[in-house]
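Have a look at the structure below, then the notes.
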Amino acid sequence: MTVTTTQTFQSRLRARTIGCALIAAGLLQPALGADIEPVERILNTARAFAAATAGTSPDQETLIEIGQLDSRLQLTRCAHPPTAQLAPGARTDGHTTINVRCSDPVSWSLFVPARIERHLPVVVLERPISRQQVIGPDDIRIERQAVSTLTNGYFTEASDVVGLASRRRLMPGQVLTSAHVTQRRIVERGQEVTLFSARPGLVVRMKGTALENGVEGERIRVRNTSSKRIVEGYVEPSGAVRVAL
């Protein structure tokens, strides 16, 4: 894993200054002669927590950006290294807020803005895909992308998506997510299918007409060609429909 850290935010995350609001929150100046907590140690605590939160992966690159604090900030020096945790409701990646705290010799707490951005190789479309098109190996590529905004899940291996069908039309350069794909239809409504039932020593086969579309493992309705009776069964990978005896 590669980790890049910066103290100031760039275009998407402006540095924020924490000053007078700290006094309003009860973060008073230390008593005369008391040691002052170094601002850099507070920032380093937030940075180390952010790196731990990002986790590790051999293919992962991580960008960590920590917001600025007012250089005039004066807090009583913590008797031990300050601790850190995510602020209530904060995200584990993307724009987030880290709560840095001290309890000894006095209690203080402040919030440090941050951005934790993980970049991973993900599956991206190489060419246009139409609705219900089955995705092949030549339709995709692997490309490193920021993943914090991919809320519907993403794929890191080509084998995860080859053979799946698109739910709608997709364009080149799109990151494939679980919202874009579904199992390939094996049975189409109106298609003639083989119905079969099996138990040890006995297999019964008959013809039928599918009344619904179906993917592998899905339960669909089929009309028996001979009896005209409607039965329900499960779609097999071969396209046959398995029904109970």
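Residues in the structure tokens are numbered from 1 in each chain, the chains being A, B, ... in the order shown, and ligands are numbered from 1 in the order shown.
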- Among the residues of stretch 190-238 of chain A, find those DSSP assigns to strand (DSSP E) from the backbone and print them as a ChimeraX atom specification. /A:192-199,202-210,214-215,219-224,230-235
Atoms kept (N, CA, C and O atoms) for selection, written as a short mmCIF file (atom, residue, chain, number, x, y, z; two decimals), in the first residue's frame:
```
data_model
loop_
_atom_site.label_atom_id
_atom_site.label_comp_id
_atom_site.auth_asym_id
_atom_site.auth_seq_id
_atom_site.Cartn_x
_atom_site.Cartn_y
_atom_site.Cartn_z
N GLU A 192 -39.49 -22.12 -25.57
CA GLU A 192 -39.75 -23.53 -25.28
C GLU A 192 -38.61 -24.07 -24.43
O GLU A 192 -37.44 -23.87 -24.75
N VAL A 193 -38.95 -24.72 -23.33
CA VAL A 193 -37.95 -25.24 -22.41
C VAL A 193 -38.26 -26.70 -22.09
O VAL A 193 -39.36 -27.20 -22.35
N THR A 194 -37.26 -27.35 -21.52
CA THR A 194 -37.44 -28.72 -21.04
C THR A 194 -37.73 -28.70 -19.56
O THR A 194 -36.95 -28.13 -18.77
N LEU A 195 -38.84 -29.26 -19.17
CA LEU A 195 -39.16 -29.46 -17.76
C LEU A 195 -38.64 -30.83 -17.34
O LEU A 195 -38.75 -31.79 -18.09
N PHE A 196 -38.08 -30.92 -16.16
CA PHE A 196 -37.65 -32.24 -15.70
C PHE A 196 -37.78 -32.35 -14.19
O PHE A 196 -37.70 -31.36 -13.46
N SER A 197 -38.03 -33.56 -13.75
CA SER A 197 -38.04 -33.91 -12.33
C SER A 197 -37.11 -35.10 -12.16
O SER A 197 -37.03 -35.96 -13.03
N ALA A 198 -36.41 -35.12 -11.06
CA ALA A 198 -35.45 -36.21 -10.85
C ALA A 198 -35.44 -36.63 -9.39
O ALA A 198 -35.59 -35.81 -8.48
N ARG A 199 -35.29 -37.95 -9.21
CA ARG A 199 -35.01 -38.53 -7.91
C ARG A 199 -34.21 -39.79 -8.18
O ARG A 199 -34.12 -40.23 -9.34
N LEU A 202 -34.86 -42.26 -11.18
CA LEU A 202 -35.97 -41.84 -12.03
C LEU A 202 -35.79 -40.38 -12.46
O LEU A 202 -35.58 -39.50 -11.63
N VAL A 203 -35.88 -40.16 -13.78
CA VAL A 203 -35.86 -38.80 -14.34
C VAL A 203 -37.03 -38.69 -15.31
O VAL A 203 -37.19 -39.53 -16.20
N VAL A 204 -37.85 -37.70 -15.14
CA VAL A 204 -39.00 -37.46 -16.01
C VAL A 204 -38.80 -36.14 -16.74
O VAL A 204 -38.53 -35.11 -16.11
N ARG A 205 -38.91 -36.15 -18.08
CA ARG A 205 -38.74 -34.94 -18.88
C ARG A 205 -40.00 -34.67 -19.70
O ARG A 205 -40.66 -35.61 -20.14
N MET A 206 -40.29 -33.40 -19.91
CA MET A 206 -41.44 -33.01 -20.72
C MET A 206 -41.18 -31.62 -21.29
O MET A 206 -40.25 -30.93 -20.86
N LYS A 207 -41.95 -31.19 -22.26
CA LYS A 207 -41.79 -29.89 -22.87
C LYS A 207 -42.71 -28.86 -22.20
O LYS A 207 -43.78 -29.20 -21.71
N GLY A 208 -42.27 -27.61 -22.23
CA GLY A 208 -43.08 -26.54 -21.67
C GLY A 208 -42.75 -25.21 -22.32
O GLY A 208 -41.77 -25.09 -23.07
N THR A 209 -43.55 -24.20 -21.99
CA THR A 209 -43.32 -22.85 -22.49
C THR A 209 -43.15 -21.92 -21.29
O THR A 209 -44.02 -21.87 -20.41
N ALA A 210 -42.02 -21.21 -21.26
CA ALA A 210 -41.74 -20.30 -20.16
C ALA A 210 -42.72 -19.14 -20.17
O ALA A 210 -42.96 -18.53 -21.22
N GLY A 214 -36.05 -15.76 -16.91
CA GLY A 214 -35.42 -16.39 -15.76
C GLY A 214 -33.91 -16.43 -15.87
O GLY A 214 -33.35 -16.66 -16.94
N VAL A 215 -33.24 -16.16 -14.74
CA VAL A 215 -31.79 -16.33 -14.63
C VAL A 215 -31.52 -17.62 -13.86
O VAL A 215 -32.44 -18.24 -13.29
N ARG A 219 -36.85 -18.98 -9.69
CA ARG A 219 -38.09 -19.74 -9.80
C ARG A 219 -39.02 -19.04 -10.78
O ARG A 219 -39.32 -17.85 -10.62
N ILE A 220 -39.47 -19.77 -11.81
CA ILE A 220 -40.36 -19.18 -12.81
C ILE A 220 -41.54 -20.10 -13.07
O ILE A 220 -41.53 -21.28 -12.70
N ARG A 221 -42.56 -19.54 -13.74
CA ARG A 221 -43.75 -20.31 -14.11
C ARG A 221 -43.60 -20.82 -15.55
O ARG A 221 -43.13 -20.10 -16.43
N VAL A 222 -44.00 -22.06 -15.76
CA VAL A 222 -43.91 -22.70 -17.08
C VAL A 222 -45.23 -23.43 -17.35
O VAL A 222 -45.79 -24.08 -16.45
N ARG A 223 -45.72 -23.34 -18.60
CA ARG A 223 -46.92 -24.09 -18.98
C ARG A 223 -46.50 -25.41 -19.64
O ARG A 223 -45.76 -25.42 -20.61
N ASN A 224 -46.96 -26.51 -19.05
CA ASN A 224 -46.70 -27.85 -19.60
C ASN A 224 -47.40 -27.95 -20.97
O ASN A 224 -48.61 -27.73 -21.07
N ILE A 230 -50.01 -25.13 -15.49
CA ILE A 230 -48.92 -24.22 -15.16
C ILE A 230 -48.21 -24.72 -13.90
O ILE A 230 -48.86 -24.97 -12.88
N VAL A 231 -46.91 -24.87 -14.02
CA VAL A 231 -46.10 -25.35 -12.88
C VAL A 231 -44.99 -24.32 -12.62
O VAL A 231 -44.73 -23.44 -13.43
N GLU A 232 -44.36 -24.46 -11.46
CA GLU A 232 -43.24 -23.59 -11.12
C GLU A 232 -42.00 -24.44 -10.94
O GLU A 232 -42.07 -25.55 -10.39
N GLY A 233 -40.87 -23.91 -11.40
CA GLY A 233 -39.62 -24.64 -11.28
C GLY A 233 -38.43 -23.69 -11.27
O GLY A 233 -38.58 -22.47 -11.43
N TYR A 234 -37.23 -24.26 -11.10
CA TYR A 234 -36.01 -23.48 -10.98
C TYR A 234 -35.15 -23.62 -12.23
O TYR A 234 -34.95 -24.73 -12.73
N VAL A 235 -34.66 -22.49 -12.70
CA VAL A 235 -33.88 -22.47 -13.94
C VAL A 235 -32.50 -23.07 -13.69
O VAL A 235 -31.77 -22.63 -12.77
#
```
- Message: Let's see if you can do this: from backbone DSSP, list all alpha helix (DSSP H) residues in chain A, as a ChimeraX atom specification.
- Response: /A:20-24,39-54
